Structure formats: C-alpha cells, structure tokens
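Student: My structure is below; once you've seen it, I'll send some questions.
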Amino acid sequence: MKQKSFNIQLPAEWTPQSAVLLTWPHRRTDWKPILNEVIPCFAAIAKEIVRREKLIIVCAAAEDVKRALGDVDFSRILFREIPSNDSWMRDHGPISVFVNEVPCLLDFTFNGWGLKFPANEDNQITRRLYESGVFSPNVLYQNMLYMVLEGGSIESDGEGTLMTTSKCLLSPNRNVYKSGAEIEDHLKLIFGAQRVLWIRHGYLAGDDTDSHIDTLARFCDKETIAYVQCTDPEDEHFPELSSMEAELRLLKTKEGKPYRLIALPMAEAVYHEGKRLPATYANFLIINQAVLMPVYHSPLDAAAEKALQTAFPNREIVPISCLPLIKQHGSLHCVTMQLPEGFL
C-alpha cells in the first residue's frame, strides 16, 4: 500500500493571524503578590491585540477579566474558564501548523521548563481549549505529549528554517533520552523543516527557560534576524552575547547569503529583591499590522524601538511597559501565542 505523504508547515509569526491567546493571571498563580501591577499590563496587551484581531483569554473567572479590561470590543474576545498554574501561554499553549494545508494544533508536554515549577494544569490547557469548541470545526488536534517542547524555544521563518538554542533543547529534564541529532531529526519531521539553526551561546541573568531563543534572537523576515547585542565588557552578559553575535554572523539563509542582522540594545539592568531580571527587547510579539514591543522605563527603550522599526518598516511599533512581567522572569512574547489565519 502506498504510504501517504504529509506536507507540514510551521508558519512564521508575521503571517496573517486569526487571533492571539492569553492566560490571565489569578490569585492561585505566582502573580498573587503583584496582581495589582501585572493585570494592567495584561490589559494593555489585550487592548492592543483586540484593535487588530481577535483574542482568546484562558482565565479563572471571565467576569473578573471583563472588569479589568473595561471599555473594549468584547465581540472580538473569546473567554474560556480553564484552570491554570501560571500565565506563560507561549510555552503551555498550542503550536499551530498546517498539515496538507489543514490547520492543526500540536500539544507538546510543558513541564515547567525542566521541572522547575508546577505545570499540571498548564499542561492540559491546549487539550481543554480544543475540547471547548473555540476553534473552527476543521482544525485538527495532535497529542505530542511524548516530547517536551515550549513555543518560546523555537523560531520559524515559515519556509522550512527553524532556529533554536542548544542550552534549552538539550537541557536536562526535558528530552535527555534523545541526542541532539535525534532532536533535530524530530524537529524536521514534526514541523516539516529542512534545516535547524542551533545557537550555542547566549543567556540572560534570571531566565528560567534555559535560554529560550525568543529572549535572544528573532526572525523578522526570511532574511532578517533581530538579536540582543551587549557592548559593555563589564556586563556579565558580554562574553556569551558576543559569542552569540559571532554565531549569527556565520549563519546563512537558504539561498546561501548572510542574514541581515539588526542589533537590539541589551536592556538596562533591572533588579527585584536583589536579583537581576531577564529584561530583553527581543521578546516582542508580531501581530496583524503591528509589533508589540516590551519596554522597561529606560532611556534604551527609544533605541530599541527605532531598531525594531527598521526590522518592520511597514508595521506600527507599539511599546508596552513590561516591568511587572519580568518580576516573574518573562516578558511580552512569553505570555502570548498567535494563531495563524484559518484556526477560528
């Protein structure tokens, strides 16, 4: 019998979207001590998304979220009351692919970034969302729970190139039973990729993710990468980020050309309870017509915004203060997950 072939595509983030997903903070999460700070941040993100596309909010109580949002177009928001441990939708949410042009949600295991934090409820969110009927009837669901994989750990150019970091995908307590070559083969198989670009250097102090790529370097189009650049030899990040920059300069596009590299400034040091936080301008979210960019009340915010406008000349750059988010060691991209057109 002839074996059926599968054409799988992992869309780039800049492709047209039907919606963005958020998991709303509540009192049973680690946000409890600073809920009054972080909820306005989530509300600011939600309002910018709703101006441009639909929004799906996973929450403990929809009425509480509606009060926090105030005057918005609620016809563009879908609420689902689903239990959660935390609010990092990028990592516990679905990864959207097309299989033979049919939209499909991939549901990987989320284990709290290598068993660092409880994730028993978060790990069920994608399945519960699918069962809630929020997606179009033709959307498929594929259980991938045999593999630990977070959305923030991979970048796609939409044309068969993935970018990731070895510190994350090869870390203990994720997929230690597989070699790097086996993990690469598996990424190519499940995402239809032709090649994987491994970044072996780069980290941020205070980061719990083991160097997710979305905190360090991002595809902006198939020929452009925006990345965090550290120019201060006295900064603890200088050796690793300089080595990462050297790696990026050696990378080639599928056509064999060097990537156009756009340097984002290393964010000014931010501390909370005596510890440095992983503030980064690379943790931006691309949505329809805009890029939502994290800022930190720093003089460097303007330089980062200017650099991102160079990367996205045809999109509005929308700064959103993310100082509350980084108190729990994440930022704007980490709390969101986009859905390409065709999923709603």
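Simple scheme: letters A, B, ... for chains in structure tokens order, numbers from 1 for residues in each chain, numbers from 1 for ligands in the order shown.
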As a PyMOL selection string, please: all residues of range 5-238 of chain A that backbone DSSP puts in strand (DSSP E or B).
Tutor: chain A and resi 8-9+17-23+54-59+77-81+95-99+102-109+140-148+154-156+161-165+195-199+217-221+224-229
Student: What are the closest atom pairs, with distances in Å to one decimal, for each residue of range 30-64 of chain A lying within 9 Å of range 78-90 of chain A, using only C-alpha atoms, rows by chain and rising residue number, as JSON lines?
Tutor:
```
{"residue": "A:Asp30", "atom": "CA", "partner": "A:Asp86", "partner_atom": "CA", "distance": 7.0}
{"residue": "A:Trp31", "atom": "CA", "partner": "A:Asp86", "partner_atom": "CA", "distance": 8.1}
{"residue": "A:Lys54", "atom": "CA", "partner": "A:Leu78", "partner_atom": "CA", "distance": 7.8}
{"residue": "A:Leu55", "atom": "CA", "partner": "A:Leu78", "partner_atom": "CA", "distance": 6.3}
{"residue": "A:Ile56", "atom": "CA", "partner": "A:Leu78", "partner_atom": "CA", "distance": 4.7}
{"residue": "A:Ile57", "atom": "CA", "partner": "A:Phe79", "partner_atom": "CA", "distance": 4.9}
{"residue": "A:Val58", "atom": "CA", "partner": "A:Arg80", "partner_atom": "CA", "distance": 5.0}
{"residue": "A:Cys59", "atom": "CA", "partner": "A:Glu81", "partner_atom": "CA", "distance": 4.9}
{"residue": "A:Ala60", "atom": "CA", "partner": "A:Glu81", "partner_atom": "CA", "distance": 5.2}
{"residue": "A:Ala61", "atom": "CA", "partner": "A:Glu81", "partner_atom": "CA", "distance": 6.1}
{"residue": "A:Ala62", "atom": "CA", "partner": "A:Phe79", "partner_atom": "CA", "distance": 6.3}
```
Student: From a DSSP pass on the backbone, collect the residues of range 81-226 of chain A flagged as alpha helix (DSSP H) and hand them back as a ChimeraX atom specification.
Tutor: /A:89-92,112-115,125-131,166-169,180-191
Student: Using only C-alpha atoms, which of A:Gln328, A:Cys220, A:Gln9, A:Met244 sits nearest Phe117 in chain A?
Tutor: A:Gln328
Student: Work out how far apart CA of Ser18 in chain A and CA of Leu332 in chain A are and give it in Å to one decimal.
Tutor: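 These atoms are spaced 18.7 Å apart.
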Student: Counting only C-alpha atoms, figure out which residue out of A:Ser136, A:Arg51, A:Gln309, A:Pro299 gets nearest to Val102 in chain A.
Tutor: A:Ser136
Student: Which residues of range 233-291 of chain A have any atom within 9 Å of an atom in range 317-323 of chain A when counting only C-alpha atoms, and what is the closest pair of atoms for each, with the distance in Å to one decimal? Order the rows by chain and rising number and write it as CSV.
Tutor:
```
residue,atom,partner,partner_atom,distance
A:Val270,CA,A:Leu323,CA,8.5
A:Ala279,CA,A:Leu323,CA,8.1
A:Ala290,CA,A:Ile317,CA,5.8
A:Val291,CA,A:Ile317,CA,4.9
```
Student: Give me the range 184-253 of chain A side of the contact with range 156-163 of chain A, cut-off 12 Å, one line per residue showing its nearest atom pair and distance in Å at one decimal, counting only C-alpha atoms, sorted by chain and residue number, as CSV.
Tutor:
```
residue,atom,partner,partner_atom,distance
A:Glu184,CA,A:Leu162,CA,9.8
A:Asp185,CA,A:Leu162,CA,11.8
A:Leu187,CA,A:Leu162,CA,8.4
A:Lys188,CA,A:Gly160,CA,8.4
A:Leu189,CA,A:Gly160,CA,10.9
A:Ile190,CA,A:Gly160,CA,11.4
A:Phe191,CA,A:Gly160,CA,8.0
A:Gly192,CA,A:Gly160,CA,6.5
A:Ala193,CA,A:Gly160,CA,4.2
A:Gln194,CA,A:Gly160,CA,5.1
A:Arg195,CA,A:Thr161,CA,5.3
A:Val196,CA,A:Leu162,CA,4.8
A:Leu197,CA,A:Met163,CA,4.6
A:Trp198,CA,A:Met163,CA,6.1
A:Ile199,CA,A:Met163,CA,7.4
A:Arg200,CA,A:Met163,CA,10.9
A:His212,CA,A:Met163,CA,10.4
A:Ile213,CA,A:Met163,CA,7.4
A:Asp214,CA,A:Met163,CA,9.7
A:Leu216,CA,A:Met163,CA,11.0
A:Ala217,CA,A:Met163,CA,8.7
A:Arg218,CA,A:Met163,CA,8.4
A:Phe219,CA,A:Asp157,CA,6.3
A:Cys220,CA,A:Asp157,CA,8.0
A:Asp221,CA,A:Asp157,CA,6.5
A:Lys222,CA,A:Asp157,CA,5.2
A:Glu223,CA,A:Asp157,CA,8.6
A:Thr224,CA,A:Asp157,CA,9.5
A:Ile225,CA,A:Asp157,CA,9.9
A:Leu248,CA,A:Met163,CA,10.6
A:Leu251,CA,A:Met163,CA,10.5
A:Lys252,CA,A:Thr161,CA,10.7
A:Thr253,CA,A:Thr161,CA,8.6
```
Student: Do you know which residues are at most 9 Å from Phe108 in chain A counting only C-alpha atoms, after dropping those on the same chain fewer than 4 positions away, and could you put them as a count of residues only?
Tutor: 15
Student: Would you mind listing what lies within 9 Å of Ile49 in chain A as a list in words, with only C-alpha atoms counted and same-chain residues fewer than 6 positions away left out?
Tutor: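 Near Ile49 in chain A, the qualifying residues are Ala19, Val20, Leu55, Ile287, Asn288 and Leu292 of chain A.
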Student: Keeping only N, CA, C and O atoms, write the selected residues to a file as a compact mmCIF listing (two decimals), in the first residue's frame.
Tutor:
```
# COMPACT_ATOMS: atom_id res chain seq x y z
N ALA A 19 -6.02 35.16 15.59
CA ALA A 19 -6.18 35.53 17.00
C ALA A 19 -4.87 35.37 17.73
O ALA A 19 -3.91 34.78 17.22
N VAL A 20 -4.86 35.89 18.95
CA VAL A 20 -3.76 35.68 19.90
C VAL A 20 -4.38 35.08 21.17
O VAL A 20 -5.50 35.41 21.54
N LEU A 55 -9.02 37.83 20.14
CA LEU A 55 -8.24 37.44 21.31
C LEU A 55 -8.97 36.32 22.03
O LEU A 55 -10.19 36.38 22.22
N ILE A 287 1.99 40.97 15.42
CA ILE A 287 0.56 40.72 15.18
C ILE A 287 0.18 41.41 13.87
O ILE A 287 1.02 42.00 13.19
N ASN A 288 -1.08 41.32 13.49
CA ASN A 288 -1.53 41.97 12.26
C ASN A 288 -1.29 43.48 12.32
O ASN A 288 -1.76 44.14 13.25
N LEU A 292 4.11 44.44 18.97
CA LEU A 292 4.04 44.85 20.37
C LEU A 292 5.40 44.61 21.01
O LEU A 292 5.91 43.49 21.02
```
Student: Any idea what the distance is between CA of Glu13 in chain A and CA of Asn283 in chain A?
Tutor: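 For CA of Glu13 in chain A relative to CA of Asn283 in chain A, the distance reads 12.6 Å.
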